[in-house]
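Asks: One structure, pasted below without further comment.
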Amino acid sequence: WALAGGRRALFMDTGLGKTRMQLAWADRVARHTGGRVLVLAPLAVGPQTMREAERVGLGGVRFGRTPDECANARVVVTNYDSLDHFDPAGFVGVVLDESSILKAFTGATKTALCERFRDTPFRLACTATPAPNDHLEIGNHSEFLGILSSHQMIARWFINDTSKMGTYRLKGHAVEPFWNWVASWALCAGLPSDL
């Protein structure tokens, strides 16, 4: 499903194999296109991702903080803090591990990630902790994936919540269409049976 869509979000609870899913996605995109895929992860998670790739026998994956450390890798794993060392134009795909980093609506990190990977054809956002009641975080994921900007999402399905300054609530008639739209680009699972 994520491969067929090209730009998707996987909101998988802890223990459902999110790291393996993103590695399999990155490997298949790299093989299909002949290009390279960048996996961005928080500090300490990058080396764990590399160890998981080794555990499942996935070759062509390298962890590094600079391009020289992973020059021949199909799938490059690095930390968010090393992003400035890598040119997004050198990658056909990008994976955001712990994509809740996009949470802040006007945050510098969210803005930088959306701008830097705007032209990247394949994008995957993965997190175990999306905030289901934080509609702006969902909108930020949509914007990163190139589905719909946060502002467009708000204009389409939300109104200002006059009881709380600076917050939005779903329009009454928009609840089902909104969640159907989210389900068109995001897969949410809390239990193995959800899959």
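By order in the structure tokens, chains are A, B, ...; within a chain, residues start at 1; ligands start at 1, following the order shown.
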Please, which residues of chain A, numbered as in this document, come out strand (DSSP E or B) from DSSP, as a PyMOL selection string?

Replies: chain A and resi 7-12+37-41+61-63+75-79+93-97+122-127+158-160+168-170+186-189

Asks: Any chance you could export the current selection's N, CA, C and O atoms as a compact mmCIF listing (two decimals), in the first residue's frame?

Replies:
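Printed below is out_16.txt as written:
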```
# COMPACT_ATOMS: atom_id res chain seq x y z
N ARG A 7 3.76 8.20 -1.66
CA ARG A 7 3.86 9.20 -0.59
C ARG A 7 2.78 8.87 0.44
O ARG A 7 1.60 9.14 0.23
N ARG A 8 3.23 8.26 1.55
CA ARG A 8 2.29 7.74 2.54
C ARG A 8 2.80 7.97 3.95
O ARG A 8 3.98 8.24 4.16
N ALA A 9 1.90 7.78 4.92
CA ALA A 9 2.25 7.83 6.34
C ALA A 9 1.86 6.49 6.97
O ALA A 9 0.79 5.95 6.67
N LEU A 10 2.75 5.99 7.79
CA LEU A 10 2.46 4.77 8.57
C LEU A 10 2.48 5.16 10.03
O LEU A 10 3.54 5.46 10.59
N PHE A 11 1.31 5.18 10.64
CA PHE A 11 1.17 5.48 12.06
C PHE A 11 0.99 4.15 12.78
O PHE A 11 -0.11 3.67 12.97
N MET A 12 2.12 3.53 13.11
CA MET A 12 2.14 2.18 13.69
C MET A 12 2.56 2.24 15.14
O MET A 12 3.61 2.80 15.47
N VAL A 37 17.77 6.33 -1.27
CA VAL A 37 16.74 6.78 -0.34
C VAL A 37 17.43 7.19 0.96
O VAL A 37 18.33 6.49 1.45
N LEU A 38 16.98 8.31 1.51
CA LEU A 38 17.51 8.83 2.77
C LEU A 38 16.51 8.55 3.88
O LEU A 38 15.33 8.87 3.75
N VAL A 39 16.98 7.95 4.97
CA VAL A 39 16.15 7.71 6.15
C VAL A 39 16.65 8.65 7.24
O VAL A 39 17.81 8.56 7.65
N LEU A 40 15.78 9.54 7.69
CA LEU A 40 16.12 10.48 8.76
C LEU A 40 15.54 9.98 10.07
O LEU A 40 14.36 9.62 10.13
N ALA A 41 16.37 9.95 11.10
CA ALA A 41 15.95 9.42 12.40
C ALA A 41 16.48 10.29 13.53
O ALA A 41 17.48 10.99 13.36
N VAL A 61 22.50 -0.84 3.01
CA VAL A 61 22.05 0.16 3.97
C VAL A 61 23.26 0.60 4.79
O VAL A 61 24.00 -0.24 5.30
N ARG A 62 23.46 1.91 4.90
CA ARG A 62 24.58 2.43 5.68
C ARG A 62 24.12 3.59 6.55
O ARG A 62 23.32 4.41 6.12
N PHE A 63 24.69 3.65 7.76
CA PHE A 63 24.45 4.78 8.64
C PHE A 63 25.66 5.70 8.55
O PHE A 63 26.80 5.25 8.55
N VAL A 75 20.48 2.78 0.58
CA VAL A 75 19.66 3.39 1.62
C VAL A 75 20.61 4.01 2.64
O VAL A 75 21.43 3.31 3.24
N VAL A 76 20.50 5.32 2.80
CA VAL A 76 21.35 6.06 3.72
C VAL A 76 20.54 6.42 4.96
O VAL A 76 19.49 7.03 4.85
N VAL A 77 21.05 6.03 6.12
CA VAL A 77 20.40 6.35 7.40
C VAL A 77 21.25 7.39 8.10
O VAL A 77 22.46 7.21 8.24
N THR A 78 20.62 8.49 8.50
CA THR A 78 21.33 9.52 9.24
C THR A 78 20.38 10.14 10.26
O THR A 78 19.19 9.86 10.26
N ASN A 79 20.94 10.98 11.12
CA ASN A 79 20.14 11.65 12.13
C ASN A 79 19.63 12.98 11.60
O ASN A 79 20.26 13.58 10.73
N GLY A 93 14.00 9.19 -2.69
CA GLY A 93 13.03 8.95 -1.64
C GLY A 93 13.57 9.37 -0.29
O GLY A 93 14.79 9.45 -0.09
N VAL A 94 12.64 9.66 0.61
CA VAL A 94 13.02 10.02 1.97
C VAL A 94 12.02 9.39 2.93
O VAL A 94 10.83 9.30 2.64
N VAL A 95 12.54 8.93 4.06
CA VAL A 95 11.73 8.39 5.15
C VAL A 95 11.97 9.24 6.38
O VAL A 95 13.12 9.49 6.74
N LEU A 96 10.89 9.69 7.01
CA LEU A 96 11.00 10.36 8.30
C LEU A 96 10.65 9.34 9.37
O LEU A 96 9.49 8.94 9.49
N ASP A 97 11.65 8.89 10.12
CA ASP A 97 11.40 8.02 11.26
C ASP A 97 11.07 8.92 12.44
O ASP A 97 11.74 9.93 12.66
N PHE A 122 9.33 10.19 -3.82
CA PHE A 122 8.86 9.16 -2.88
C PHE A 122 9.12 9.64 -1.45
O PHE A 122 10.26 9.95 -1.09
N ARG A 123 8.04 9.67 -0.63
CA ARG A 123 8.16 10.16 0.75
C ARG A 123 7.33 9.27 1.67
O ARG A 123 6.19 8.93 1.35
N LEU A 124 7.93 8.90 2.80
CA LEU A 124 7.25 8.08 3.79
C LEU A 124 7.45 8.70 5.17
O LEU A 124 8.58 9.01 5.55
N ALA A 125 6.36 8.90 5.88
CA ALA A 125 6.41 9.42 7.25
C ALA A 125 5.97 8.31 8.19
O ALA A 125 4.90 7.72 8.01
N CYS A 126 6.79 8.00 9.20
CA CYS A 126 6.50 6.90 10.12
C CYS A 126 6.60 7.39 11.56
O CYS A 126 7.59 8.01 11.93
N THR A 127 5.59 7.06 12.35
CA THR A 127 5.65 7.35 13.77
C THR A 127 4.71 6.42 14.52
O THR A 127 3.72 5.95 13.97
N PHE A 158 -12.29 22.53 8.57
CA PHE A 158 -12.28 23.06 9.94
C PHE A 158 -12.85 24.47 10.02
O PHE A 158 -12.91 25.19 9.03
N ILE A 159 -13.23 24.83 11.24
CA ILE A 159 -13.63 26.20 11.56
C ILE A 159 -12.89 26.61 12.82
O ILE A 159 -12.44 25.76 13.60
N ASN A 160 -12.78 27.93 13.03
CA ASN A 160 -12.15 28.43 14.27
C ASN A 160 -13.01 28.02 15.46
O ASN A 160 -14.22 28.14 15.42
N TYR A 168 -8.75 24.98 16.18
CA TYR A 168 -9.72 24.66 15.14
C TYR A 168 -10.48 23.41 15.54
O TYR A 168 -9.97 22.56 16.25
N ARG A 169 -11.70 23.29 15.03
CA ARG A 169 -12.45 22.06 15.24
C ARG A 169 -13.07 21.66 13.91
O ARG A 169 -13.35 22.50 13.05
N LEU A 170 -13.26 20.35 13.77
CA LEU A 170 -13.86 19.83 12.56
C LEU A 170 -15.29 20.34 12.40
O LEU A 170 -16.04 20.40 13.38
N ALA A 186 -2.81 7.71 4.90
CA ALA A 186 -2.20 7.30 6.17
C ALA A 186 -2.83 6.00 6.65
O ALA A 186 -4.04 5.83 6.56
N LEU A 187 -1.98 5.11 7.13
CA LEU A 187 -2.44 3.84 7.69
C LEU A 187 -2.15 3.86 9.18
O LEU A 187 -1.01 4.07 9.58
N CYS A 188 -3.19 3.66 9.98
CA CYS A 188 -3.05 3.67 11.43
C CYS A 188 -3.30 2.28 11.99
O CYS A 188 -4.29 1.64 11.62
N ALA A 189 -2.42 1.81 12.85
CA ALA A 189 -2.60 0.50 13.47
C ALA A 189 -2.08 0.55 14.90
O ALA A 189 -0.99 1.04 15.16
```

Asks: List every residue of region 110-192 of chain A that DSSP, applied to the backbone of this structure, places in alpha helix (DSSP H), and write the result as an MDAnalysis selection string.

Replies: chainID A and resid 110:116 135:145 150:157 175:185

Asks: Just the selected residues (C-alpha atoms), exported as a compact mmCIF listing (two decimals), in the first residue's frame, please.

Replies:
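Wrote result_1.txt, looks like this:
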```
# COMPACT_ATOMS: atom_id res chain seq x y z
CA LYS A 110 8.70 21.16 9.89
CA THR A 111 9.17 24.03 7.46
CA ALA A 112 12.71 22.96 6.53
CA LEU A 113 11.69 19.32 5.93
CA CYS A 114 8.69 20.31 3.80
CA GLU A 115 10.77 22.72 1.71
CA ARG A 116 13.83 20.50 1.29
CA HIS A 135 -5.40 17.86 13.62
CA LEU A 136 -2.59 20.29 12.86
CA GLU A 137 -0.02 17.51 13.24
CA ILE A 138 -2.02 15.43 10.77
CA GLY A 139 -2.07 18.43 8.42
CA ASN A 140 1.69 18.81 8.75
CA HIS A 141 2.15 15.18 7.72
CA SER A 142 -0.09 15.77 4.72
CA GLU A 143 1.92 18.85 3.79
CA PHE A 144 5.25 17.01 4.07
CA LEU A 145 3.90 14.22 1.86
CA SER A 150 -1.99 22.39 6.36
CA HIS A 151 -3.71 25.64 5.42
CA GLN A 152 -5.73 23.95 2.66
CA MET A 153 -6.75 21.17 5.05
CA ILE A 154 -7.94 23.67 7.66
CA ALA A 155 -9.89 25.70 5.09
CA ARG A 156 -11.62 22.60 3.75
CA TRP A 157 -12.70 20.76 6.91
CA VAL A 175 -15.98 14.42 10.22
CA GLU A 176 -16.45 11.40 7.96
CA PRO A 177 -15.02 13.02 4.78
CA PHE A 178 -11.99 14.26 6.74
CA TRP A 179 -11.12 10.84 8.18
CA ASN A 180 -11.75 9.17 4.81
CA TRP A 181 -9.28 11.62 3.30
CA VAL A 182 -6.70 10.85 6.04
CA ALA A 183 -7.21 7.11 5.43
CA SER A 184 -6.41 7.65 1.73
CA TRP A 185 -2.77 8.49 2.56
```

Asks: CA of Gly6 (chain A) to CA of Leu43 (chain A): how many Å, to one decimal?

Replies: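 Between these atoms lies a distance of 26.1 Å.
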
Asks: Looking at A:Pro67, A:Gly172, A:Pro88, A:Gly15, which one is nearest to Pro192 (chain A), with distances taken over only C-alpha atoms?

Replies: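 So, comparing all the options, the nearest one is A:Gly15.
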
Asks: Please, what distance in Å, to one decimal, runs between CA of Leu3 (chain A) and CA of Gly17 (chain A)?

Replies: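 Distance between the two atoms: 16.2 Å.
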